[in-house]
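Down below is the structure, laid out as structure tokens.
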Amino acid sequence: MTAAELRSLLDRALELVAKNEDELRDLDSAIGDGDLGITVSRGALAARKSIAALPPGSTPAEILRAAATAIASANPSSFAALVATGLLAASRSVAGNDALTARDAVTMAQEAIVAIAKRGKAEVGDKTVLDALVPSVAALEAASSDEPLEAMIAAARKGIDDTAGAVSRKGRAAWLGERTVGHPDAGATAYLRFLEALKQARSDGVI
């Protein structure tokens with residue numbers, strides 16, 4: 001994928017993911033502070049503007065860094081900080097690359113996981129974004145086709161379903177204890193919606 005293709009793909013995917021504001025607000029209100037919908041929609045808009053303002057010839061790493069900075073600043077929150085941390089780690093792993101390969105995508109995702117887990121002091125099973133992110137990246141690593149997004153989406157969805165019945169152990173949700181049982185993690189759901197947005201953007205013929 002060229003840098004220009006990455007810009008187009010992210011622009012369309014971010015446009016689409018912002019449309020989930022109401023759903024994410026409602027999910028987060030059930031076991032959190034209810035600000036995730038705004039965080040995602042404002043962050044997506046800010047990232048689109050930041051990416052669009054980059055000069056022609058910007059590298060994939062520069063595109064990811066621009067998105068990370070914009071998301072972190074648009075509506076400061078713990079989720080925005082985690083997303084920005086993951087994007088910055090991903091950008092460092094492809095510094096100097098003019099284009100991205102399938103192997104680069106795996107490396108970026110792996111580095112994002114490490115960074116997010118460290119920043120959030122969380123692991124799989126804590127009922128966080130990692131419960132969707134980690135299995136989806138495992139699916140990406142195992143994918144043999146040229147279109148692994150379906151496998152990633154299915155794995156992320158299963159991770160969310162598997163932890164919906166668990167007690168949240170991190171963030172504001174952890175304060176509610178047993179009241180979080182039966183509710184999917186909103187951050188993990190936001191990540192799933194982003195994967196679905198990427199798939200839709202590809203279907204729209206963006207690249």
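Ordered as shown in the structure tokens, chains take letters A, B, and onward, while each chain numbers its residues from 1 and ligands are numbered from 1 in the order shown.
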Within 9 Å of segment 178-192 of chain A using only C-alpha atoms, minus same-chain residues under 4 positions, as a PDB file with N, CA, C and O atoms, in the first residue's frame:
ATOM      1  N   VAL A  17     -16.280   5.627  10.779  1.00  0.00           N
ATOM      2  CA  VAL A  17     -16.287   5.237  12.192  1.00  0.00           C
ATOM      3  C   VAL A  17     -16.912   6.333  13.055  1.00  0.00           C
ATOM      4  O   VAL A  17     -17.518   6.045  14.095  1.00  0.00           O
ATOM      5  N   ASN A  20     -20.565   6.156  14.351  1.00  0.00           N
ATOM      6  CA  ASN A  20     -20.967   5.280  15.455  1.00  0.00           C
ATOM      7  C   ASN A  20     -21.012   6.025  16.787  1.00  0.00           C
ATOM      8  O   ASN A  20     -21.053   5.399  17.842  1.00  0.00           O
ATOM      9  N   LEU A  24     -21.596   4.229  20.548  1.00  0.00           N
ATOM     10  CA  LEU A  24     -20.475   4.178  21.479  1.00  0.00           C
ATOM     11  C   LEU A  24     -20.762   4.988  22.742  1.00  0.00           C
ATOM     12  O   LEU A  24     -20.355   4.602  23.841  1.00  0.00           O
ATOM     13  N   ARG A  25     -21.487   6.086  22.593  1.00  0.00           N
ATOM     14  CA  ARG A  25     -21.899   6.862  23.768  1.00  0.00           C
ATOM     15  C   ARG A  25     -22.784   6.017  24.681  1.00  0.00           C
ATOM     16  O   ARG A  25     -22.588   5.984  25.903  1.00  0.00           O
ATOM     17  N   ASP A  26     -23.742   5.321  24.097  1.00  0.00           N
ATOM     18  CA  ASP A  26     -24.665   4.519  24.895  1.00  0.00           C
ATOM     19  C   ASP A  26     -23.946   3.348  25.568  1.00  0.00           C
ATOM     20  O   ASP A  26     -24.210   3.038  26.738  1.00  0.00           O
ATOM     21  N   LEU A  27     -23.052   2.690  24.845  1.00  0.00           N
ATOM     22  CA  LEU A  27     -22.301   1.589  25.437  1.00  0.00           C
ATOM     23  C   LEU A  27     -21.445   2.074  26.601  1.00  0.00           C
ATOM     24  O   LEU A  27     -21.379   1.437  27.662  1.00  0.00           O
ATOM     25  N   ASP A  28     -20.795   3.203  26.395  1.00  0.00           N
ATOM     26  CA  ASP A  28     -19.916   3.735  27.426  1.00  0.00           C
ATOM     27  C   ASP A  28     -20.707   4.258  28.618  1.00  0.00           C
ATOM     28  O   ASP A  28     -20.250   4.185  29.765  1.00  0.00           O
ATOM     29  N   ALA A  30     -23.274   2.930  29.860  1.00  0.00           N
ATOM     30  CA  ALA A  30     -23.724   1.804  30.679  1.00  0.00           C
ATOM     31  C   ALA A  30     -22.714   1.427  31.748  1.00  0.00           C
ATOM     32  O   ALA A  30     -23.093   1.075  32.874  1.00  0.00           O
ATOM     33  N   ILE A  31     -21.414   1.521  31.427  1.00  0.00           N
ATOM     34  CA  ILE A  31     -20.405   1.100  32.407  1.00  0.00           C
ATOM     35  C   ILE A  31     -19.223   2.067  32.484  1.00  0.00           C
ATOM     36  O   ILE A  31     -18.183   1.736  33.066  1.00  0.00           O
ATOM     37  N   GLY A  32     -19.382   3.259  31.915  1.00  0.00           N
ATOM     38  CA  GLY A  32     -18.298   4.232  31.950  1.00  0.00           C
ATOM     39  C   GLY A  32     -18.833   5.630  32.149  1.00  0.00           C
ATOM     40  O   GLY A  32     -19.894   5.818  32.756  1.00  0.00           O
ATOM     41  N   LEU A  36     -17.158   8.269  25.267  1.00  0.00           N
ATOM     42  CA  LEU A  36     -16.423   7.606  24.195  1.00  0.00           C
ATOM     43  C   LEU A  36     -16.933   7.995  22.808  1.00  0.00           C
ATOM     44  O   LEU A  36     -16.144   8.134  21.870  1.00  0.00           O
ATOM     45  N   GLY A  37     -18.235   8.161  22.665  1.00  0.00           N
ATOM     46  CA  GLY A  37     -18.774   8.549  21.362  1.00  0.00           C
ATOM     47  C   GLY A  37     -18.186   9.859  20.879  1.00  0.00           C
ATOM     48  O   GLY A  37     -17.764   9.980  19.725  1.00  0.00           O
ATOM     49  N   VAL A  40     -14.408   9.454  19.982  1.00  0.00           N
ATOM     50  CA  VAL A  40     -14.184   8.828  18.680  1.00  0.00           C
ATOM     51  C   VAL A  40     -14.555   9.777  17.536  1.00  0.00           C
ATOM     52  O   VAL A  40     -13.791   9.930  16.572  1.00  0.00           O
ATOM     53  N   PHE A  79      -9.011   6.766  26.494  1.00  0.00           N
ATOM     54  CA  PHE A  79      -9.074   5.992  25.251  1.00  0.00           C
ATOM     55  C   PHE A  79      -8.299   6.691  24.152  1.00  0.00           C
ATOM     56  O   PHE A  79      -7.575   6.043  23.388  1.00  0.00           O
ATOM     57  N   LYS A 127     -11.059  -6.972  30.058  1.00  0.00           N
ATOM     58  CA  LYS A 127     -12.233  -6.348  29.444  1.00  0.00           C
ATOM     59  C   LYS A 127     -11.899  -4.929  29.007  1.00  0.00           C
ATOM     60  O   LYS A 127     -12.460  -3.938  29.482  1.00  0.00           O
ATOM     61  N   THR A 128     -10.953  -4.854  28.078  1.00  0.00           N
ATOM     62  CA  THR A 128     -10.535  -3.587  27.485  1.00  0.00           C
ATOM     63  C   THR A 128     -10.436  -3.761  25.976  1.00  0.00           C
ATOM     64  O   THR A 128     -10.753  -4.829  25.440  1.00  0.00           O
ATOM     65  N   VAL A 129      -9.939  -2.739  25.306  1.00  0.00           N
ATOM     66  CA  VAL A 129      -9.744  -2.813  23.857  1.00  0.00           C
ATOM     67  C   VAL A 129      -8.836  -3.976  23.467  1.00  0.00           C
ATOM     68  O   VAL A 129      -8.943  -4.528  22.358  1.00  0.00           O
ATOM     69  N   LEU A 130      -7.951  -4.388  24.367  1.00  0.00           N
ATOM     70  CA  LEU A 130      -7.037  -5.489  24.052  1.00  0.00           C
ATOM     71  C   LEU A 130      -7.773  -6.793  23.773  1.00  0.00           C
ATOM     72  O   LEU A 130      -7.269  -7.644  23.028  1.00  0.00           O
ATOM     73  N   ASP A 131      -8.957  -6.961  24.344  1.00  0.00           N
ATOM     74  CA  ASP A 131      -9.699  -8.206  24.133  1.00  0.00           C
ATOM     75  C   ASP A 131     -10.224  -8.331  22.710  1.00  0.00           C
ATOM     76  O   ASP A 131     -10.579  -9.431  22.276  1.00  0.00           O
ATOM     77  N   ALA A 132     -10.277  -7.229  21.991  1.00  0.00           N
ATOM     78  CA  ALA A 132     -10.603  -7.273  20.562  1.00  0.00           C
ATOM     79  C   ALA A 132      -9.347  -7.152  19.721  1.00  0.00           C
ATOM     80  O   ALA A 132      -9.204  -7.822  18.697  1.00  0.00           O
ATOM     81  N   LEU A 133      -8.418  -6.309  20.158  1.00  0.00           N
ATOM     82  CA  LEU A 133      -7.210  -6.039  19.386  1.00  0.00           C
ATOM     83  C   LEU A 133      -6.306  -7.259  19.273  1.00  0.00           C
ATOM     84  O   LEU A 133      -5.863  -7.617  18.173  1.00  0.00           O
ATOM     85  N   MET A 152     -10.051 -10.698  10.828  1.00  0.00           N
ATOM     86  CA  MET A 152      -9.793  -9.798  11.951  1.00  0.00           C
ATOM     87  C   MET A 152     -11.092  -9.360  12.624  1.00  0.00           C
ATOM     88  O   MET A 152     -11.189  -9.324  13.857  1.00  0.00           O
ATOM     89  N   ILE A 153     -12.089  -9.047  11.808  1.00  0.00           N
ATOM     90  CA  ILE A 153     -13.384  -8.617  12.344  1.00  0.00           C
ATOM     91  C   ILE A 153     -14.036  -9.733  13.149  1.00  0.00           C
ATOM     92  O   ILE A 153     -14.551  -9.511  14.253  1.00  0.00           O
ATOM     93  N   ALA A 156     -12.131 -10.154  16.441  1.00  0.00           N
ATOM     94  CA  ALA A 156     -12.407  -9.049  17.370  1.00  0.00           C
ATOM     95  C   ALA A 156     -13.802  -9.196  17.972  1.00  0.00           C
ATOM     96  O   ALA A 156     -13.995  -9.002  19.186  1.00  0.00           O
ATOM     97  N   ARG A 157     -14.768  -9.549  17.133  1.00  0.00           N
ATOM     98  CA  ARG A 157     -16.136  -9.703  17.617  1.00  0.00           C
ATOM     99  C   ARG A 157     -16.220 -10.831  18.648  1.00  0.00           C
ATOM    100  O   ARG A 157     -16.905 -10.695  19.680  1.00  0.00           O
ATOM    101  N   GLY A 159     -13.795 -11.866  20.570  1.00  0.00           N
ATOM    102  CA  GLY A 159     -13.139 -11.405  21.787  1.00  0.00           C
ATOM    103  C   GLY A 159     -14.052 -10.541  22.632  1.00  0.00           C
ATOM    104  O   GLY A 159     -14.063 -10.652  23.873  1.00  0.00           O
ATOM    105  N   ILE A 160     -14.829  -9.696  21.983  1.00  0.00           N
ATOM    106  CA  ILE A 160     -15.784  -8.855  22.702  1.00  0.00           C
ATOM    107  C   ILE A 160     -16.876  -9.711  23.333  1.00  0.00           C
ATOM    108  O   ILE A 160     -17.234  -9.529  24.507  1.00  0.00           O
ATOM    109  N   ASP A 161     -17.409 -10.645  22.559  1.00  0.00           N
ATOM    110  CA  ASP A 161     -18.465 -11.526  23.072  1.00  0.00           C
ATOM    111  C   ASP A 161     -17.970 -12.364  24.239  1.00  0.00           C
ATOM    112  O   ASP A 161     -18.694 -12.569  25.227  1.00  0.00           O
ATOM    113  N   THR A 163     -15.799 -11.665  26.462  1.00  0.00           N
ATOM    114  CA  THR A 163     -15.552 -10.915  27.691  1.00  0.00           C
ATOM    115  C   THR A 163     -16.762 -10.100  28.154  1.00  0.00           C
ATOM    116  O   THR A 163     -16.706  -9.473  29.210  1.00  0.00           O
ATOM    117  N   ALA A 164     -17.834 -10.122  27.375  1.00  0.00           N
ATOM    118  CA  ALA A 164     -19.021  -9.354  27.775  1.00  0.00           C
ATOM    119  C   ALA A 164     -19.551  -9.818  29.131  1.00  0.00           C
ATOM    120  O   ALA A 164     -20.059  -9.008  29.922  1.00  0.00           O
ATOM    121  N   GLY A 165     -19.428 -11.100  29.409  1.00  0.00           N
ATOM    122  CA  GLY A 165     -19.931 -11.639  30.674  1.00  0.00           C
ATOM    123  C   GLY A 165     -18.955 -11.529  31.827  1.00  0.00           C
ATOM    124  O   GLY A 165     -19.260 -11.979  32.943  1.00  0.00           O
ATOM    125  N   ALA A 166     -17.811 -10.915  31.578  1.00  0.00           N
ATOM    126  CA  ALA A 166     -16.793 -10.781  32.627  1.00  0.00           C
ATOM    127  C   ALA A 166     -16.934  -9.443  33.355  1.00  0.00           C
ATOM    128  O   ALA A 166     -17.626  -8.534  32.909  1.00  0.00           O
ATOM    129  N   VAL A 167     -16.236  -9.331  34.469  1.00  0.00           N
ATOM    130  CA  VAL A 167     -16.193  -8.087  35.235  1.00  0.00           C
ATOM    131  C   VAL A 167     -15.063  -7.225  34.684  1.00  0.00           C
ATOM    132  O   VAL A 167     -13.949  -7.709  34.461  1.00  0.00           O
ATOM    133  N   SER A 168     -15.343  -5.959  34.467  1.00  0.00           N
ATOM    134  CA  SER A 168     -14.305  -5.042  33.991  1.00  0.00           C
ATOM    135  C   SER A 168     -13.262  -4.832  35.085  1.00  0.00           C
ATOM    136  O   SER A 168     -13.607  -4.659  36.254  1.00  0.00           O
ATOM    137  N   ALA A 173     -14.859   1.712  34.437  1.00  0.00           N
ATOM    138  CA  ALA A 173     -15.771   0.570  34.489  1.00  0.00           C
ATOM    139  C   ALA A 173     -15.456  -0.346  35.662  1.00  0.00           C
ATOM    140  O   ALA A 173     -16.354  -0.977  36.233  1.00  0.00           O
ATOM    141  N   ALA A 174     -14.179  -0.436  36.037  1.00  0.00           N
ATOM    142  CA  ALA A 174     -13.781  -1.325  37.131  1.00  0.00           C
ATOM    143  C   ALA A 174     -14.427  -0.917  38.451  1.00  0.00           C
ATOM    144  O   ALA A 174     -14.613  -1.759  39.345  1.00  0.00           O
ATOM    145  N   GLU A 196     -14.449  -2.582  10.788  1.00  0.00           N
ATOM    146  CA  GLU A 196     -15.575  -2.653   9.850  1.00  0.00           C
ATOM    147  C   GLU A 196     -15.563  -1.460   8.892  1.00  0.00           C
ATOM    148  O   GLU A 196     -15.902  -1.598   7.713  1.00  0.00           O
ATOM    149  N   ALA A 197     -15.147  -0.308   9.399  1.00  0.00           N
ATOM    150  CA  ALA A 197     -15.052   0.885   8.549  1.00  0.00           C
ATOM    151  C   ALA A 197     -13.959   0.718   7.502  1.00  0.00           C
ATOM    152  O   ALA A 197     -14.115   1.143   6.350  1.00  0.00           O
TER     153      ALA A 197
END
Alpha helix (DSSP H) call set, DSSP backbone run, segment 151-181 of chain A, as a VMD selection string: chain A and resid 151 to 164
Based on the selection just made, write C-alpha atoms of those residues as a PDB file, in the first residue's frame.
ATOM      1  CA  ALA A 151     -10.849 -12.749   9.811  1.00  0.00           C
ATOM      2  CA  MET A 152      -9.793  -9.798  11.951  1.00  0.00           C
ATOM      3  CA  ILE A 153     -13.384  -8.617  12.344  1.00  0.00           C
ATOM      4  CA  ALA A 154     -14.602 -12.082  13.301  1.00  0.00           C
ATOM      5  CA  ALA A 155     -11.807 -12.490  15.852  1.00  0.00           C
ATOM      6  CA  ALA A 156     -12.407  -9.049  17.370  1.00  0.00           C
ATOM      7  CA  ARG A 157     -16.136  -9.703  17.617  1.00  0.00           C
ATOM      8  CA  LYS A 158     -15.527 -13.043  19.348  1.00  0.00           C
ATOM      9  CA  GLY A 159     -13.139 -11.405  21.787  1.00  0.00           C
ATOM     10  CA  ILE A 160     -15.784  -8.855  22.702  1.00  0.00           C
ATOM     11  CA  ASP A 161     -18.465 -11.526  23.072  1.00  0.00           C
ATOM     12  CA  ASP A 162     -16.182 -13.709  25.193  1.00  0.00           C
ATOM     13  CA  THR A 163     -15.552 -10.915  27.691  1.00  0.00           C
ATOM     14  CA  ALA A 164     -19.021  -9.354  27.775  1.00  0.00           C
TER      15      ALA A 164
END
For Ala68 of chain A: contacts at 10 Å, only C-alpha atoms, fewer than 3 positions along chain excluded, given as a list in words: Gly43, Ala46, Ala47, Ser50, Glu62, Ile63, Leu64, Arg65, Ile71, Ala72, Ser73, Ala80, Ala81, Leu82, Val83, Ala84, Thr85, Gly86, Leu87, Leu88, Ala89 and Ser91 of chain A
What lies within 8 Å of Lys199 of chain A using only C-alpha atoms, ignoring chain neighbours under 3 positions off, as an mmCIF file with N, CA and C atoms, in the first residue's frame?
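Now in part18.cif:
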data_model
loop_
_atom_site.group_PDB
_atom_site.id
_atom_site.type_symbol
_atom_site.label_atom_id
_atom_site.label_comp_id
_atom_site.auth_asym_id
_atom_site.auth_seq_id
_atom_site.Cartn_x
_atom_site.Cartn_y
_atom_site.Cartn_z
ATOM 1 N N LEU A 149 -9.213 -8.766 6.496
ATOM 2 C CA LEU A 149 -10.077 -7.980 7.369
ATOM 3 C C LEU A 149 -11.264 -8.787 7.904
ATOM 4 N N GLU A 150 -11.812 -9.677 7.091
ATOM 5 C CA GLU A 150 -12.934 -10.501 7.561
ATOM 6 C C GLU A 150 -12.523 -11.326 8.775
ATOM 7 N N LEU A 195 -12.416 -1.481 12.336
ATOM 8 C CA LEU A 195 -12.111 -2.548 11.390
ATOM 9 C C LEU A 195 -13.211 -2.654 10.340
ATOM 10 N N GLU A 196 -14.449 -2.582 10.788
ATOM 11 C CA GLU A 196 -15.575 -2.653 9.850
ATOM 12 C C GLU A 196 -15.563 -1.460 8.892
ATOM 13 N N ARG A 202 -12.681 -0.173 1.825
ATOM 14 C CA ARG A 202 -12.123 -0.990 0.735
ATOM 15 C C ARG A 202 -13.224 -1.345 -0.253
ATOM 16 N N SER A 203 -14.414 -1.696 0.257
ATOM 17 C CA SER A 203 -15.522 -2.055 -0.613
ATOM 18 C C SER A 203 -15.986 -0.877 -1.456
#
Nearest to Leu198 of chain A by atom-to-atom distance, counting only C-alpha atoms, from A:Ala139, A:Leu9, A:Ala53, A:Met1: A:Leu9
Which of A:Lys170, A:Pro60, A:Thr69, A:Val124 sits closest to Ala105 of chain A [using only C-alpha atoms]: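 Answer, going by the shortest atom-to-atom distance: A:Pro60.
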Pick from A:Ser93, A:Thr59, A:Thr39, A:Ser8, whichever lies nearest to Val206 of chain A using only C-alpha atoms: A:Ser8
Given only C-alpha atoms as the counted atoms, nearest of A:Ala201, A:Ala115, A:Ile51, A:Ala44 to Ala4 of chain A: A:Ile51
Shell of 10 Å around Pro148 of chain A, only C-alpha atoms, local chain residues under 5 positions omitted, as a list in words: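 Result of the neighbour search: Ala102, Ser136, Val137, Ala139, Leu140, Glu141, Ala142, Ala143, Ile153 and Lys199 of chain A.
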Just the selected residues (N, CA and C atoms), exported as a tab-separated table (two decimals), in the first residue's frame, please.
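Dumped everything to again_24.tsv:
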chain	number	residue	atom	x	y	z
A	102	ALA	N	2.33	-6.29	3.63
A	102	ALA	CA	1.51	-7.07	4.55
A	102	ALA	C	2.29	-7.35	5.84
A	136	SER	N	-7.61	-10.11	17.05
A	136	SER	CA	-7.69	-9.68	15.65
A	136	SER	C	-6.32	-9.66	15.00
A	137	VAL	N	-5.30	-9.28	15.77
A	137	VAL	CA	-3.94	-9.28	15.24
A	137	VAL	C	-3.44	-10.71	15.04
A	139	ALA	N	-5.33	-13.10	14.18
A	139	ALA	CA	-5.99	-13.50	12.93
A	139	ALA	C	-5.27	-12.92	11.73
A	140	LEU	N	-4.79	-11.69	11.87
A	140	LEU	CA	-4.03	-11.07	10.78
A	140	LEU	C	-2.75	-11.85	10.51
A	141	GLU	N	-2.07	-12.26	11.57
A	141	GLU	CA	-0.82	-13.01	11.42
A	141	GLU	C	-1.06	-14.35	10.74
A	142	ALA	N	-2.21	-14.96	11.02
A	142	ALA	CA	-2.51	-16.28	10.47
A	142	ALA	C	-3.17	-16.24	9.11
A	143	ALA	N	-3.59	-15.06	8.68
A	143	ALA	CA	-4.35	-14.94	7.42
A	143	ALA	C	-3.49	-15.34	6.23
A	153	ILE	N	-12.09	-9.05	11.81
A	153	ILE	CA	-13.38	-8.62	12.34
A	153	ILE	C	-14.04	-9.73	13.15
A	199	LYS	N	-13.04	-2.10	6.22
A	199	LYS	CA	-13.59	-3.03	5.23
A	199	LYS	C	-14.54	-2.31	4.28
Nearby residues (only C-alpha atoms) at most 8 Å from Asn97 of chain A, same-chain spacing under 2 positions excluded, as a list in words: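 Close residues of Asn97 of chain A: Thr59, Pro60, Ala61, Val94, Ala95, Ala99 and Leu100 of chain A.
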d(atom CA of Asp204 of chain A, atom CA of Arg12 of chain A) in Å: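 Computing it gives 9.0 Å between the two atoms.
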Gap from atom CA of Pro56 of chain A to atom CA of Ala3 of chain A - Å, one decimal: 9.3 Å
Coordinates-based distance that separates atom CA of Ile207 of chain A from atom CA of Ala70 of chain A (Å, one decimal):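 If I compute the distance from atom CA of Ala70 of chain A to atom CA of Ile207 of chain A, I get 23.5 Å.
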Counting only C-alpha atoms, the option among A:Leu54, A:Ala122, A:Ala13, A:Val134 closest to Val106 of chain A: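 Answer, going by the shortest atom-to-atom distance: A:Val134.
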